[in-house]
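Heads up, the thing below is written out as structure tokens.
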Amino acid sequence: MILVSGCLLGISCRYDARSKPNQEVISLAKGSRVVPVCPEQLGGLSTPRPPAHLVGGDGFDVLEGSARVVRLEDGGDVTEWFVQGARECVKLARLFGCSQAILKSKSPSCGLQPIVGVTAAALILEDIQVMEAG
Ligand code: SF4
């Protein structure tokens with residue numbers, strides 16, 4: 001089983017209520033068993049929602065409590081929802097026995113580059129192989 005960022009499958013779960021379909025990932029999903037997730041929605045944030053970014057470190061630092069996730073527009077702290085979403089994704093990965101994850105790049109939740117997101121970090125800490133797609 002592979003955990004996959006929902007937006008890569010064409011689910012309109014991004015902050016701007018749009019998706020980011022990736023044909024390679026969609027083709028993979030047709031031949032594999034995948035678990036679509038959107039950590040930010042699972043954490044309780046609405047769609048659409050204001051974009052946010054990591055401040056003071058990466059997703060690992062957020063999980064340790066030494067960095068935050070804040071809204072770009074007004075600096076409001078949304079760390080709690082990002083961490084909750086990461087926890088829910090870990091729960092689903094355990095439930096479905098996912099050993100791999102394909103996550104959306106450049107996201108404060110899902111990304112690996114240029115900075116590891118909160119959910120990506122939580123899954124890596126679970127020894128899940130995390131790959132990213134754009
Ligand atoms: S990148 Fe992750 S958090 Fe953002 S919309 Fe896609 S699945 Fe949701």
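How things are named: the first chain in the structure tokens is A, the next is B, and so on; residues count from 1 in each chain; ligands count from 1 in the order shown.
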Query raised in the report: Could you name the residues that touch Arg87 of chain A at 10 Å or less, counting only C-alpha atoms, but leaving out those on the same chain fewer than 5 positions away, as number ranges by chain?
Result: A: 39, 42-43, 63, 81-82, 92-93, 118-119, 122-123
Can you check which parts of chain A lie within 6 Å of ligand 1? Per residue, the shortest pair of atoms and distance in Å to one decimal, counting only C-alpha atoms and all ligand atoms, sorted by chain and number, as a Markdown table.
| residue | atom | partner | partner_atom_place_in_ligand_line | distance |
| --- | --- | --- | --- | --- |
| A:Ser5 | CA | ligand 1 | 7 (S) | 3.9 |
| A:Gly6 | CA | ligand 1 | 7 (S) | 4.7 |
| A:Cys7 | CA | ligand 1 | 6 (Fe) | 4.4 |
| A:Cys13 | CA | ligand 1 | 5 (S) | 4.7 |
| A:Arg14 | CA | ligand 1 | 5 (S) | 3.5 |
| A:Val37 | CA | ligand 1 | 7 (S) | 5.8 |
| A:Cys38 | CA | ligand 1 | 8 (Fe) | 3.7 |
| A:Pro39 | CA | ligand 1 | 3 (S) | 4.9 |
| A:Glu40 | CA | ligand 1 | 3 (S) | 4.6 |
| A:Lys104 | CA | ligand 1 | 1 (S) | 4.7 |
| A:Ser107 | CA | ligand 1 | 1 (S) | 5.1 |
| A:Ser109 | CA | ligand 1 | 3 (S) | 5.2 |
| A:Cys110 | CA | ligand 1 | 2 (Fe) | 4.7 |
Query raised in the report: Where in chain A does DSSP assign strand (DSSP E or B), given as a VMD selection string?
Result: chain A and resid 2 to 5 34 to 37 52 to 55 68 to 71 77 100 to 104 129 to 133
Report task. Using DSSP on the backbone, list every residue of chain A that comes out as helix (DSSP H, G or I), and give them as a ChimeraX atom specification. Result -> /A:6-9,23-31,39-42,59-64,79-96,118-125
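If only C-alpha atoms are the atoms counted, then among A:Tyr15, A:Val34, A:Leu45, A:Gly97 the closest residue to Leu72 of chain A is A:Tyr15.
Counting only C-alpha atoms and comparing A:Val35, A:Leu8, A:Leu28, A:Ala67, the residue that lies closest to Lys91 of chain A is A:Val35.
The protein and nucleic acid residues lying at most 7 Å from Gln129 of chain A are A:Ser99, A:Gln100, A:Ala101, A:Ile124, A:Asp127, A:Met131, with only C-alpha atoms considered and sequence neighbours fewer than 2 positions away removed.
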Output file for the residues above (all heavy atoms, as a tab-separated table (two decimals), in the first residue's frame):
chain	number	residue	atom	x	y	z
A	99	SER	N	4.13	1.10	3.29
A	99	SER	CA	5.58	1.12	3.47
A	99	SER	C	6.21	2.24	2.65
A	99	SER	O	7.39	2.54	2.80
A	99	SER	CB	6.19	-0.22	3.05
A	99	SER	OG	5.85	-0.49	1.71
A	100	GLN	N	5.42	2.85	1.77
A	100	GLN	CA	5.91	3.94	0.92
A	100	GLN	C	4.88	5.06	0.89
A	100	GLN	O	3.68	4.83	1.10
A	100	GLN	CB	6.14	3.46	-0.52
A	100	GLN	CG	7.22	2.41	-0.65
A	100	GLN	CD	7.39	1.98	-2.10
A	100	GLN	OE1	6.41	1.71	-2.79
A	100	GLN	NE2	8.63	1.95	-2.56
A	101	ALA	N	5.38	6.25	0.57
A	101	ALA	CA	4.48	7.39	0.39
A	101	ALA	C	4.99	8.22	-0.78
A	101	ALA	O	6.20	8.38	-0.95
A	101	ALA	CB	4.43	8.25	1.65
A	124	ILE	N	8.65	9.74	7.68
A	124	ILE	CA	10.06	9.30	7.69
A	124	ILE	C	10.41	8.72	9.06
A	124	ILE	O	11.08	7.69	9.17
A	124	ILE	CB	10.99	10.47	7.30
A	124	ILE	CG1	10.82	10.80	5.81
A	124	ILE	CG2	12.46	10.12	7.61
A	124	ILE	CD1	11.48	12.10	5.38
A	127	ASP	N	9.70	5.23	9.52
A	127	ASP	CA	10.43	4.34	8.61
A	127	ASP	C	9.69	4.06	7.32
A	127	ASP	O	9.85	3.00	6.71
A	127	ASP	CB	10.81	3.02	9.29
A	127	ASP	CG	11.92	3.21	10.30
A	127	ASP	OD1	12.76	4.10	10.09
A	127	ASP	OD2	11.92	2.50	11.31
A	131	MET	N	8.75	9.48	-1.10
A	131	MET	CA	9.20	10.03	-2.38
A	131	MET	C	8.32	11.23	-2.67
A	131	MET	O	7.22	11.34	-2.15
A	131	MET	CB	9.04	8.99	-3.49
A	131	MET	CG	9.91	7.75	-3.26
A	131	MET	SD	9.31	6.32	-4.17
A	131	MET	CE	7.96	5.77	-3.13
**Report entry** 7 Å contact set for Leu9 of chain A, only C-alpha atoms, chain neighbours under 3 positions out, as a VMD selection string
**Finding:** chain A and resid 6 21 to 22 25 to 26
Report task. Skip Gln113 of chain A itself and residues of its chain fewer than 4 positions away, then list as a PyMOL selection string all residues within 12 Å of it, counting only C-alpha atoms. Result -> chain A and resi 58-59+103-109+117+120-121+130-134
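Residues in contact with Glu73 of chain A at up to 12 Å, not including ones fewer than 6 positions away on its chain and judged by only C-alpha atoms, are Arg49, Pro50, Pro51, Ala52 and His53 of chain A.
Interatomic distance, atom CA of Pro36 of chain A against atom CA of Val4 of chain A: 4.9 Å.
If you measure from each of A:Asp16, A:Leu112, A:Gly76, A:Val83 to Glu64 of chain A using only C-alpha atoms, the closest one turns out to be A:Val83.
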